[in-house]
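**Student:** So that you have it, the file is work_4.cif, and it contains mmCIF, C-alpha atoms:
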data_entry
loop_
_atom_site.label_atom_id
_atom_site.label_comp_id
_atom_site.auth_asym_id
_atom_site.auth_seq_id
_atom_site.Cartn_x
_atom_site.Cartn_y
_atom_site.Cartn_z
CA MET A 621 -24.63 2.26 -94.86
CA PRO A 622 -27.37 4.36 -93.19
CA LEU A 623 -26.48 6.53 -90.24
CA PRO A 624 -27.46 4.91 -86.92
CA SER A 625 -30.48 6.33 -85.10
CA LEU A 626 -30.08 8.82 -82.28
CA LYS A 627 -30.49 6.10 -79.66
CA GLU A 628 -28.05 3.80 -81.46
CA GLN A 629 -25.45 6.58 -81.62
CA PHE A 630 -26.00 7.39 -77.96
CA ALA A 631 -25.52 3.73 -77.00
CA ALA A 632 -22.41 3.34 -79.16
CA LEU A 633 -20.76 6.41 -77.61
CA LEU A 634 -21.40 5.10 -74.09
CA ALA A 635 -20.10 1.66 -75.05
CA ALA A 636 -16.75 3.08 -76.21
CA PRO A 637 -14.74 3.49 -72.98
CA SER A 638 -12.79 6.75 -72.70
CA VAL A 639 -11.89 7.25 -69.04
CA SER A 640 -9.49 10.10 -68.30
CA SER A 641 -7.72 9.63 -64.98
CA THR A 642 -4.61 10.74 -63.13
CA GLN A 643 -4.11 7.06 -62.24
CA ARG A 644 -2.46 5.16 -65.09
CA GLU A 645 -4.32 1.96 -64.34
CA HIS A 646 -7.64 3.72 -65.03
CA ASP A 647 -6.64 6.08 -67.84
CA GLN A 648 -7.78 5.16 -71.36
CA SER A 649 -7.54 6.41 -74.91
CA ASN A 650 -10.44 8.41 -76.32
CA LEU A 651 -9.70 7.28 -79.88
CA PRO A 652 -12.68 4.86 -80.13
CA VAL A 653 -15.07 7.72 -79.35
CA VAL A 654 -13.66 10.27 -81.77
CA GLU A 655 -13.38 7.65 -84.52
CA LEU A 656 -17.08 6.86 -84.11
CA LEU A 657 -17.96 10.53 -84.33
CA ALA A 658 -15.67 11.12 -87.30
CA GLY A 659 -17.24 8.23 -89.21
CA TRP A 660 -20.78 9.50 -88.71
CA LEU A 661 -19.88 13.11 -89.46
CA ARG A 662 -18.00 12.20 -92.63
CA ASP A 663 -21.15 10.41 -93.79
CA LEU A 664 -22.99 13.72 -93.28
CA GLY A 665 -20.48 15.60 -95.41
CA PHE A 666 -18.23 17.05 -92.73
CA ASP A 667 -14.48 17.40 -93.18
CA CYS A 668 -12.96 15.60 -90.19
CA GLU A 669 -9.51 16.01 -88.69
CA LEU A 670 -8.08 14.01 -85.79
CA GLN A 671 -5.33 15.81 -83.91
CA GLN A 672 -3.13 13.78 -81.59
CA VAL A 673 -2.54 15.70 -78.38
CA LEU A 674 -0.77 13.01 -76.35
CA PRO A 675 -0.22 9.28 -76.95
CA GLY A 676 -3.71 7.80 -77.22
CA LYS A 677 -5.40 11.19 -76.78
CA PHE A 678 -7.04 13.01 -79.69
CA ASN A 679 -9.12 16.05 -80.53
CA LEU A 680 -11.68 15.78 -83.32
CA LEU A 681 -12.42 18.84 -85.45
CA ALA A 682 -15.30 18.28 -87.88
CA SER A 683 -16.29 21.20 -90.10
CA ARG A 684 -18.94 22.02 -92.67
CA GLY A 685 -18.69 25.25 -94.61
CA SER A 686 -15.76 27.63 -94.61
CA GLY A 687 -14.79 31.20 -93.98
CA PRO A 688 -14.76 33.42 -90.89
CA GLY A 689 -17.46 33.45 -88.23
CA GLY A 690 -19.77 30.55 -87.63
CA LEU A 691 -20.52 28.35 -84.64
CA VAL A 692 -18.55 25.82 -82.60
CA LEU A 693 -20.51 23.05 -80.85
CA ALA A 694 -18.03 21.64 -78.39
CA GLY A 695 -17.67 19.03 -75.71
CA HIS A 696 -15.25 16.55 -74.23
CA SER A 697 -15.06 12.94 -75.31
CA ASP A 698 -13.71 11.56 -72.02
CA THR A 699 -15.42 10.47 -68.80
CA VAL A 700 -14.37 10.15 -65.19
CA PRO A 701 -13.53 6.71 -63.76
CA PHE A 702 -16.43 4.66 -62.42
CA ASP A 703 -17.21 2.18 -59.65
CA ALA A 704 -19.09 -0.55 -61.53
CA PRO A 705 -20.40 -2.31 -58.37
CA LEU A 706 -22.20 0.89 -57.34
CA TRP A 707 -24.15 1.08 -60.60
CA SER A 708 -27.53 -0.59 -61.03
CA SER A 709 -26.42 -1.88 -64.45
CA ASP A 710 -23.38 -1.94 -66.73
CA PRO A 711 -22.09 1.68 -66.86
CA LEU A 712 -21.03 1.23 -70.50
CA ARG A 713 -24.39 -0.06 -71.69
CA LEU A 714 -27.29 2.27 -72.36
CA ARG A 715 -30.25 1.46 -70.11
CA GLU A 716 -33.66 3.08 -70.50
CA ALA A 717 -35.81 3.30 -67.38
CA ASP A 718 -37.90 5.91 -65.53
CA ASP A 719 -37.99 8.12 -68.67
CA ARG A 720 -34.20 8.38 -68.56
CA TRP A 721 -31.18 7.09 -70.44
CA TYR A 722 -28.63 5.75 -67.96
CA GLY A 723 -24.94 5.21 -68.65
CA LEU A 724 -21.46 6.66 -68.14
CA GLY A 725 -21.20 9.84 -70.20
CA SER A 726 -24.94 10.18 -70.77
CA CYS A 727 -25.01 13.45 -68.83
CA ASP A 728 -21.33 14.43 -68.74
CA MET A 729 -21.15 14.47 -71.67
CA LYS A 730 -20.58 12.09 -74.59
CA GLY A 731 -24.32 11.84 -75.17
CA PHE A 732 -24.36 15.51 -76.17
CA PHE A 733 -22.66 14.65 -79.47
CA ALA A 734 -25.51 12.36 -80.52
CA LEU A 735 -27.92 15.25 -79.97
CA VAL A 736 -25.69 17.56 -82.01
CA ILE A 737 -25.73 15.10 -84.92
CA GLU A 738 -29.50 14.76 -84.64
CA ALA A 739 -29.82 18.54 -84.84
CA VAL A 740 -27.51 18.77 -87.84
CA ARG A 741 -29.25 16.00 -89.79
CA GLY A 742 -32.35 18.14 -90.21
CA LEU A 743 -30.46 21.09 -91.70
CA LEU A 744 -28.12 19.59 -94.29
CA ASP A 745 -30.40 20.40 -97.22
CA GLN A 746 -29.73 24.12 -96.67
CA PRO A 747 -26.61 26.05 -97.75
CA PHE A 748 -24.25 26.95 -94.91
CA GLN A 749 -23.49 30.67 -95.11
CA GLN A 750 -20.98 30.41 -92.25
CA PRO A 751 -19.07 27.35 -90.99
CA LEU A 752 -20.18 24.89 -88.34
CA LEU A 753 -17.45 23.20 -86.33
CA ILE A 754 -18.19 20.18 -84.14
CA LEU A 755 -15.33 19.78 -81.69
CA ALA A 756 -14.64 16.84 -79.37
CA THR A 757 -11.70 17.29 -77.01
CA CYS A 758 -9.68 14.91 -74.86
CA ASP A 759 -8.78 14.85 -71.14
CA GLU A 760 -11.16 17.57 -69.96
CA GLU A 761 -11.73 15.59 -66.76
CA THR A 762 -8.05 15.80 -65.78
CA SER A 763 -5.54 18.13 -67.44
CA MET A 764 -7.70 19.80 -70.13
CA SER A 765 -4.83 19.00 -72.47
CA GLY A 766 -7.15 18.93 -75.49
CA ALA A 767 -8.38 22.49 -74.98
CA ARG A 768 -4.88 23.69 -74.12
CA ALA A 769 -3.54 22.18 -77.34
CA LEU A 770 -6.10 24.17 -79.33
CA VAL A 771 -4.93 27.38 -77.66
CA GLU A 772 -1.29 26.53 -78.30
CA ALA A 773 -2.06 25.91 -81.98
CA GLY A 774 -3.77 29.30 -82.12
CA ARG A 775 -6.19 28.20 -84.81
CA PRO A 776 -9.32 30.39 -85.06
CA LEU A 777 -12.48 28.37 -84.47
CA GLY A 778 -15.59 30.49 -84.91
CA ARG A 779 -17.51 33.55 -83.77
CA ALA A 780 -19.34 31.68 -81.00
CA ALA A 781 -18.75 28.48 -79.06
CA LEU A 782 -21.41 26.51 -77.21
CA ILE A 783 -20.04 23.95 -74.73
CA GLY A 784 -22.61 21.25 -73.95
CA GLU A 785 -21.71 20.59 -70.31
CA PRO A 786 -24.61 19.72 -67.99
CA THR A 787 -26.49 22.91 -67.08
CA GLY A 788 -30.10 21.71 -67.19
CA LEU A 789 -30.58 23.67 -70.44
CA ARG A 790 -29.92 26.94 -68.65
CA PRO A 791 -27.27 29.22 -70.17
CA VAL A 792 -24.15 29.75 -68.06
CA ARG A 793 -21.94 32.76 -68.71
CA LEU A 794 -19.74 32.68 -65.59
CA HIS A 795 -17.87 30.03 -63.69
CA LYS A 796 -15.10 29.93 -61.16
CA GLY A 797 -11.58 28.88 -61.98
CA ILE A 798 -9.72 26.10 -60.26
CA LEU A 799 -6.15 25.71 -59.05
CA MET A 800 -5.09 22.32 -57.68
CA GLU A 801 -1.83 22.82 -55.80
CA ARG A 802 0.65 20.88 -53.68
CA ILE A 803 2.95 22.16 -50.94
CA ASP A 804 5.95 19.98 -50.09
CA ILE A 805 7.96 20.58 -46.94
CA LEU A 806 11.37 18.96 -46.43
CA GLY A 807 12.65 19.17 -42.88
CA GLN A 808 15.13 17.04 -40.92
CA SER A 809 14.09 13.85 -39.17
CA GLY A 810 15.59 12.90 -35.83
CA HIS A 811 14.97 11.21 -32.50
CA SER A 812 11.86 12.62 -30.86
CA SER A 813 13.49 12.70 -27.42
CA ASN A 814 15.21 15.97 -28.31
CA PRO A 815 13.64 18.58 -30.65
CA ALA A 816 17.11 19.92 -31.40
CA TYR A 817 17.90 16.74 -33.35
CA GLY A 818 15.70 17.78 -36.28
CA HIS A 819 13.41 20.28 -37.94
CA SER A 820 9.80 19.17 -38.02
CA ALA A 821 8.10 19.37 -41.39
CA LEU A 822 4.79 18.72 -39.66
CA GLU A 823 5.12 21.69 -37.33
CA ALA A 824 6.08 23.86 -40.31
CA MET A 825 2.97 22.60 -42.09
CA HIS A 826 0.90 23.68 -39.10
CA SER A 827 2.11 27.22 -39.75
CA VAL A 828 1.43 26.83 -43.47
CA LEU A 829 -2.15 25.76 -42.75
CA GLY A 830 -2.61 28.84 -40.61
CA GLU A 831 -1.35 31.09 -43.39
CA LEU A 832 -3.61 29.48 -46.00
CA ILE A 833 -6.66 29.81 -43.76
CA GLY A 834 -5.72 33.44 -43.13
CA LEU A 835 -5.35 34.08 -46.87
CA ARG A 836 -8.70 32.44 -47.49
CA ARG A 837 -10.29 34.74 -44.95
CA GLN A 838 -8.59 37.76 -46.55
CA TRP A 839 -9.66 36.82 -50.09
CA GLN A 840 -13.22 36.16 -48.98
CA LYS A 841 -13.37 39.65 -47.49
CA SER A 842 -11.97 41.22 -50.67
CA PHE A 843 -13.86 39.31 -53.37
CA ASP A 844 -17.58 38.68 -53.71
CA ASN A 845 -19.87 37.91 -56.63
CA PRO A 846 -23.54 37.49 -55.73
CA LEU A 847 -24.27 35.79 -59.07
CA PHE A 848 -22.76 32.59 -57.64
CA ASP A 849 -24.48 30.31 -55.13
CA VAL A 850 -21.18 30.40 -53.23
CA PRO A 851 -20.33 34.07 -53.80
CA LYS A 852 -16.83 33.94 -52.31
CA PRO A 853 -13.64 32.28 -53.56
CA THR A 854 -13.03 28.98 -51.79
CA LEU A 855 -9.89 27.18 -50.64
CA ASN A 856 -10.25 23.53 -49.68
CA LEU A 857 -7.57 21.70 -47.70
CA GLY A 858 -7.95 18.37 -49.45
CA CYS A 859 -5.37 15.93 -48.12
CA ILE A 860 -2.19 15.87 -46.07
CA HIS A 861 0.60 13.29 -45.71
CA GLY A 862 3.57 13.40 -43.40
CA GLY A 863 5.83 11.49 -41.04
CA ASP A 864 6.08 7.79 -40.40
CA ASN A 865 6.33 7.13 -36.66
CA PRO A 866 5.42 8.88 -33.40
CA ASN A 867 8.99 8.67 -32.05
CA ARG A 868 10.61 10.36 -35.07
CA ILE A 869 10.68 14.05 -35.83
CA CYS A 870 8.71 14.41 -39.06
CA GLY A 871 11.09 14.96 -41.97
CA GLN A 872 8.61 15.34 -44.83
CA CYS A 873 5.07 16.60 -45.15
CA ALA A 874 2.85 17.37 -48.16
CA LEU A 875 -0.48 19.14 -48.52
CA GLU A 876 -2.79 19.13 -51.54
CA PHE A 877 -5.48 21.79 -51.81
CA ASP A 878 -7.73 23.44 -54.34
CA LEU A 879 -8.49 27.12 -54.79
CA ARG A 880 -11.50 28.30 -56.81
CA PRO A 881 -11.11 31.96 -57.77
CA LEU A 882 -13.88 34.22 -58.99
CA PRO A 883 -13.72 36.01 -62.34
CA GLY A 884 -11.31 38.92 -61.96
CA MET A 885 -8.90 37.07 -59.68
CA ASP A 886 -5.55 36.38 -61.37
CA SER A 887 -4.25 32.84 -60.82
CA GLU A 888 -0.56 33.72 -61.04
CA GLN A 889 -1.00 36.55 -58.57
CA LEU A 890 -2.71 34.17 -56.15
CA ARG A 891 0.20 31.73 -56.42
CA ALA A 892 2.70 34.56 -55.94
CA THR A 893 0.92 35.68 -52.78
CA ILE A 894 0.99 32.15 -51.34
CA ARG A 895 4.73 31.78 -52.12
CA GLN A 896 5.43 35.11 -50.42
CA ARG A 897 3.66 33.93 -47.26
CA LEU A 898 5.63 30.65 -47.26
CA LEU A 899 9.09 32.24 -47.25
CA PRO A 900 9.16 33.40 -43.59
CA ILE A 901 7.72 30.04 -42.47
CA ALA A 902 10.56 28.17 -44.18
CA GLU A 903 13.12 30.46 -42.56
CA ARG A 904 11.56 30.25 -39.11
CA HIS A 905 11.32 26.47 -39.10
CA GLN A 906 14.58 25.88 -41.05
CA VAL A 907 12.87 23.75 -43.68
CA ALA A 908 12.51 23.82 -47.47
CA ILE A 909 9.02 24.60 -48.80
CA GLU A 910 7.93 24.20 -52.41
CA LEU A 911 4.58 25.16 -53.96
CA LYS A 912 3.77 23.55 -57.29
CA PRO A 913 0.61 22.96 -59.32
CA LEU A 914 -0.79 19.45 -59.61
CA TYR A 915 -2.25 20.58 -62.94
CA PRO A 916 -2.15 23.86 -64.83
CA GLY A 917 -4.95 25.98 -63.42
CA VAL A 918 -8.20 26.60 -65.25
CA PRO A 919 -9.02 30.31 -65.41
CA ALA A 920 -12.30 31.70 -64.19
CA PHE A 921 -14.76 32.41 -67.00
CA GLU A 922 -17.05 35.33 -67.72
CA GLN A 923 -18.87 36.12 -70.94
CA ALA A 924 -20.36 39.61 -71.12
CA ALA A 925 -24.07 39.71 -70.31
CA ASP A 926 -24.83 41.84 -73.37
CA SER A 927 -22.91 39.69 -75.85
CA GLU A 928 -24.69 38.29 -78.90
CA LEU A 929 -24.38 34.66 -77.79
CA VAL A 930 -25.70 35.28 -74.28
CA ARG A 931 -28.67 37.31 -75.51
CA LEU A 932 -29.52 34.68 -78.12
CA ALA A 933 -29.31 31.81 -75.62
CA GLU A 934 -31.48 33.67 -73.11
CA ARG A 935 -34.10 34.30 -75.79
CA LEU A 936 -34.10 30.70 -77.03
CA THR A 937 -34.19 29.08 -73.58
CA GLY A 938 -36.34 31.62 -71.75
CA HIS A 939 -33.84 31.65 -68.87
CA PRO A 940 -31.42 34.37 -67.78
CA ALA A 941 -27.74 33.41 -67.94
CA GLU A 942 -26.38 32.03 -64.69
CA ALA A 943 -23.12 31.30 -62.86
CA VAL A 944 -21.83 27.88 -61.73
CA ALA A 945 -19.05 26.70 -59.46
CA PHE A 946 -17.61 23.97 -61.69
CA ALA A 947 -14.93 24.69 -64.29
CA THR A 948 -15.14 24.05 -68.05
CA GLU A 949 -13.18 24.58 -71.25
CA ALA A 950 -15.00 27.87 -71.94
CA PRO A 951 -12.10 30.22 -71.08
CA TYR A 952 -9.90 28.47 -73.65
CA PHE A 953 -12.43 29.14 -76.40
CA GLN A 954 -12.44 32.79 -75.36
CA GLN A 955 -8.65 32.82 -75.75
CA LEU A 956 -9.20 31.73 -79.36
CA GLY A 957 -11.47 34.69 -80.03
CA CYS A 958 -14.88 33.04 -79.52
CA GLN A 959 -17.77 34.31 -77.50
CA ALA A 960 -18.39 31.30 -75.25
CA LEU A 961 -21.34 29.89 -73.35
CA VAL A 962 -21.93 26.70 -71.36
CA LEU A 963 -25.30 25.12 -72.11
CA GLY A 964 -26.26 21.45 -72.15
CA PRO A 965 -29.10 19.06 -71.35
CA GLY A 966 -27.68 17.13 -68.40
CA ASP A 967 -27.84 17.92 -64.69
CA ILE A 968 -24.57 18.49 -62.83
CA ALA A 969 -26.10 16.86 -59.72
CA CYS A 970 -25.88 13.41 -61.33
CA ALA A 971 -22.53 13.92 -63.08
CA HIS A 972 -19.59 11.86 -61.74
CA GLN A 973 -22.12 9.69 -59.90
CA PRO A 974 -23.21 6.05 -60.21
CA ASP A 975 -26.32 5.73 -62.39
CA GLU A 976 -25.58 8.93 -64.29
CA TYR A 977 -28.50 9.71 -66.59
CA LEU A 978 -30.11 12.05 -69.09
CA ASP A 979 -33.83 12.81 -68.84
CA LEU A 980 -35.57 11.85 -72.08
CA ALA A 981 -37.67 15.01 -71.80
CA ARG A 982 -34.51 17.06 -72.41
CA ILE A 983 -33.68 15.46 -75.77
CA GLU A 984 -36.13 17.16 -78.12
CA PRO A 985 -35.73 20.65 -76.54
CA THR A 986 -31.95 20.30 -76.87
CA VAL A 987 -32.17 19.25 -80.51
CA GLN A 988 -34.47 22.17 -81.30
CA LEU A 989 -32.24 24.62 -79.41
CA LEU A 990 -29.16 23.43 -81.29
CA ARG A 991 -30.97 23.77 -84.62
CA ARG A 992 -31.91 27.35 -83.79
CA MET A 993 -28.31 28.09 -82.87
CA ILE A 994 -27.03 26.57 -86.11
CA GLU A 995 -29.62 28.46 -88.13
CA HIS A 996 -28.58 31.74 -86.53
CA TYR A 997 -24.83 31.35 -86.84
CA CYS A 998 -24.44 29.16 -89.93
CA LEU A 999 -27.47 29.42 -92.19
CA THR A 1000 -27.81 33.19 -91.95
CA PRO A 1001 -25.35 35.66 -93.52
CA ALA A 1002 -23.00 37.16 -90.94
CA GLU A 1003 -24.45 40.66 -91.18
CA ALA A 1004 -27.99 39.52 -90.34
CA ALA A 1005 -26.90 37.02 -87.66
CA ALA A 1006 -25.15 39.67 -85.61
CA HIS A 1007 -28.53 41.02 -84.41
CA PRO A 1008 -30.42 38.22 -82.58
#
Let me see whether you can do it: turn the structure in this file into structure tokens.

**Tutor:**
Amino acid sequence: MPLPSLKEQFAALLAAPSVSSTQREHDQSNLPVVELLAGWLRDLGFDCELQQVLPGKFNLLASRGSGPGGLVLAGHSDTVPFDAPLWSSDPLRLREADDRWYGLGSCDMKGFFALVIEAVRGLLDQPFQQPLLILATCDEETSMSGARALVEAGRPLGRAALIGEPTGLRPVRLHKGILMERIDILGQSGHSSNPAYGHSALEAMHSVLGELIGLRRQWQKSFDNPLFDVPKPTLNLGCIHGGDNPNRICGQCALEFDLRPLPGMDSEQLRATIRQRLLPIAERHQVAIELKPLYPGVPAFEQAADSELVRLAERLTGHPAEAVAFATEAPYFQQLGCQALVLGPGDIACAHQPDEYLDLARIEPTVQLLRRMIEHYCLTPAEAAAHP
């Protein structure tokens, strides 16, 4: 059976739902997506392995060639949830209009895999001197459990890893990390006519908010990286819940916030500093305070400006490597010994939005860029490839 065309592959990937969500009613398996990819890649001569990470959640590792070195072309197979009524058409059906392909995952980022396959198809008549690994992970949009599982397995992947997240075909060598945290305060409820009847969790939270804002101010004075559009670390107070009635002393209160550290800021040290600041508040207000992560944090990412992968990507794209605020799986690939870079055809401005799209003008440049990357890392002996 002949391999589907690029557009047919693109449409089939979008049509296979793979929402990753913290809400069980929205969360879905990514198995239909990785099975599609595995079928096509097997037909092209790749060895394909599906690794179950969690029930219904799988990583796909498809390889051609063997030995050390080589290139990893990576992306995530899941999407965010979607509000179908806000879309101009069915989010799971590819729609072509205005010189764009519209659909959920077209930009971020299932469509990237169809472009990878298109790039590979034109090179299969040549011997692979170093391996090519095409990697599709699960749950990047929530817990990053797929990338974490790879790190836990400790399996070497390749010399370089290109992650096809939406960057407008501009190489990205730095991004901020992200910590999503929750603070729970347990006080003592009581009749509001006498403050002595209880210990207000809400008043304690007022002090907590003051400490967090003070820490934010302190960190923003101490850390700065002008390569980022927002050069300071940020701390966003996202949502707060507490109390149940105006005539009761508030017994419980919870705050959820996110903290986006710059490269060089240690996540565990940041958490330790917050916990240290919470201790005197708990004692003063006679309440219990607990800080816990909503998800394991994603580290900040930085790939050296003079590394082989960065220099090659800058030469091939004609753009200097940049920094972005959003987080990716790149630091996990670094932990596995890869040089890592984020570079893909979509635009982050339309990701996670109704009517997500990919500009058709980006398709051929992406395919050509990927072919040049594969040629450098996989079709050239390692000694020659090390000097782009």

**Student:** Pull out every residue that the PyMOL selection byres ((chain A and resi 732) around 12) matches in the shown coordinates and put them as a PyMOL selection string.

**Tutor:** chain A and resi 626-627+629-631+633-634+657+693-697+725-731+733-739+754-756+782-787+789+963-966+977-978+982-983+986-987+990

**Student:** Give me the stretch 792-854 of chain A side of the contact with stretch 876-895 of chain A, cut-off 12 Å, one line per residue showing its nearest atom pair and distance in Å at one decimal, counting only C-alpha atoms, sorted by chain and residue number, as CSV.

**Tutor:**
residue,atom,partner,partner_atom,distance
A:Arg793,CA,A:Pro883,CA,10.9
A:Leu794,CA,A:Pro883,CA,7.6
A:His795,CA,A:Pro883,CA,7.4
A:Lys796,CA,A:Leu882,CA,5.0
A:Gly797,CA,A:Arg880,CA,5.2
A:Ile798,CA,A:Arg880,CA,4.5
A:Leu799,CA,A:Leu879,CA,5.1
A:Met800,CA,A:Asp878,CA,4.4
A:Glu801,CA,A:Phe877,CA,5.5
A:Arg802,CA,A:Glu876,CA,4.4
A:Ile803,CA,A:Glu876,CA,6.5
A:Asp804,CA,A:Glu876,CA,8.9
A:Ile805,CA,A:Glu876,CA,11.8
A:Met825,CA,A:Glu876,CA,11.6
A:Val828,CA,A:Ile894,CA,9.5
A:Leu829,CA,A:Phe877,CA,10.4
A:Gly830,CA,A:Ile894,CA,11.8
A:Glu831,CA,A:Ile894,CA,8.4
A:Leu832,CA,A:Ile894,CA,7.5
A:Ile833,CA,A:Ile894,CA,11.0
A:Gly834,CA,A:Ile894,CA,10.7
A:Leu835,CA,A:Ile894,CA,8.0
A:Arg836,CA,A:Leu879,CA,9.0
A:Gln838,CA,A:Thr893,CA,11.6
A:Trp839,CA,A:Pro881,CA,9.2
A:Gln840,CA,A:Pro881,CA,10.0
A:Ser842,CA,A:Met885,CA,10.4
A:Phe843,CA,A:Leu882,CA,7.6
A:Asp844,CA,A:Leu882,CA,7.8
A:Asn845,CA,A:Leu882,CA,7.4
A:Pro846,CA,A:Leu882,CA,10.7
A:Leu847,CA,A:Leu882,CA,10.5
A:Phe848,CA,A:Leu882,CA,9.1
A:Asp849,CA,A:Leu882,CA,11.9
A:Val850,CA,A:Leu882,CA,10.1
A:Pro851,CA,A:Leu882,CA,8.3
A:Lys852,CA,A:Leu882,CA,7.3
A:Pro853,CA,A:Pro881,CA,4.9
A:Thr854,CA,A:Arg880,CA,5.3

**Student:** For this structure, which residues satisfy the selection - the PyMOL selection byres ((chain A and resi 806) around 10) - when it is evaluated on the file as given? I want them as a list of chain:residue names.

**Tutor:**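 Checked against the file, the PyMOL selection byres ((chain A and resi 806) around 10) matches A:Asp804, A:Ile805, A:Gly807, A:Gln808, A:Ser809, A:His819, A:Ser820, A:Ala821, A:Leu822, A:Ala824, A:Cys870, A:Gly871, A:Gln872, A:Cys873, A:Ala874, A:Ala902, A:Gln906, A:Val907, A:Ala908, A:Ile909, A:Glu910.
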
**Student:** A:Cys998, A:Cys859, A:Ile968, A:Asp663: which is nearest A:Gly685, counting all atoms listed in the file?

**Tutor:** A:Cys998

**Student:** With all atoms listed in the file as the counted atoms, please give the residues lying no more than 12 Å from A:Arg715, apart from itself and same-chain residues fewer than 3 positions off, as a PDB file with C-alpha atoms, keeping the file's coordinate frame.

**Tutor:**
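Below you can see result-v9.pdb, which holds the result:
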ATOM      1  CA  LYS A 627     -30.490   6.100 -79.660  1.00  0.00           C
ATOM      2  CA  GLU A 628     -28.050   3.800 -81.460  1.00  0.00           C
ATOM      3  CA  PHE A 630     -26.000   7.390 -77.960  1.00  0.00           C
ATOM      4  CA  ALA A 631     -25.520   3.730 -77.000  1.00  0.00           C
ATOM      5  CA  LEU A 634     -21.400   5.100 -74.090  1.00  0.00           C
ATOM      6  CA  ALA A 635     -20.100   1.660 -75.050  1.00  0.00           C
ATOM      7  CA  TRP A 707     -24.150   1.080 -60.600  1.00  0.00           C
ATOM      8  CA  SER A 708     -27.530  -0.590 -61.030  1.00  0.00           C
ATOM      9  CA  SER A 709     -26.420  -1.880 -64.450  1.00  0.00           C
ATOM     10  CA  ASP A 710     -23.380  -1.940 -66.730  1.00  0.00           C
ATOM     11  CA  PRO A 711     -22.090   1.680 -66.860  1.00  0.00           C
ATOM     12  CA  LEU A 712     -21.030   1.230 -70.500  1.00  0.00           C
ATOM     13  CA  ASP A 718     -37.900   5.910 -65.530  1.00  0.00           C
ATOM     14  CA  ASP A 719     -37.990   8.120 -68.670  1.00  0.00           C
ATOM     15  CA  ARG A 720     -34.200   8.380 -68.560  1.00  0.00           C
ATOM     16  CA  TRP A 721     -31.180   7.090 -70.440  1.00  0.00           C
ATOM     17  CA  TYR A 722     -28.630   5.750 -67.960  1.00  0.00           C
ATOM     18  CA  GLY A 723     -24.940   5.210 -68.650  1.00  0.00           C
ATOM     19  CA  LEU A 724     -21.460   6.660 -68.140  1.00  0.00           C
ATOM     20  CA  SER A 726     -24.940  10.180 -70.770  1.00  0.00           C
ATOM     21  CA  ASP A 975     -26.320   5.730 -62.390  1.00  0.00           C
ATOM     22  CA  GLU A 976     -25.580   8.930 -64.290  1.00  0.00           C
ATOM     23  CA  TYR A 977     -28.500   9.710 -66.590  1.00  0.00           C
ATOM     24  CA  LEU A 978     -30.110  12.050 -69.090  1.00  0.00           C
ATOM     25  CA  ASP A 979     -33.830  12.810 -68.840  1.00  0.00           C
ATOM     26  CA  LEU A 980     -35.570  11.850 -72.080  1.00  0.00           C
TER      27      LEU A 980
END
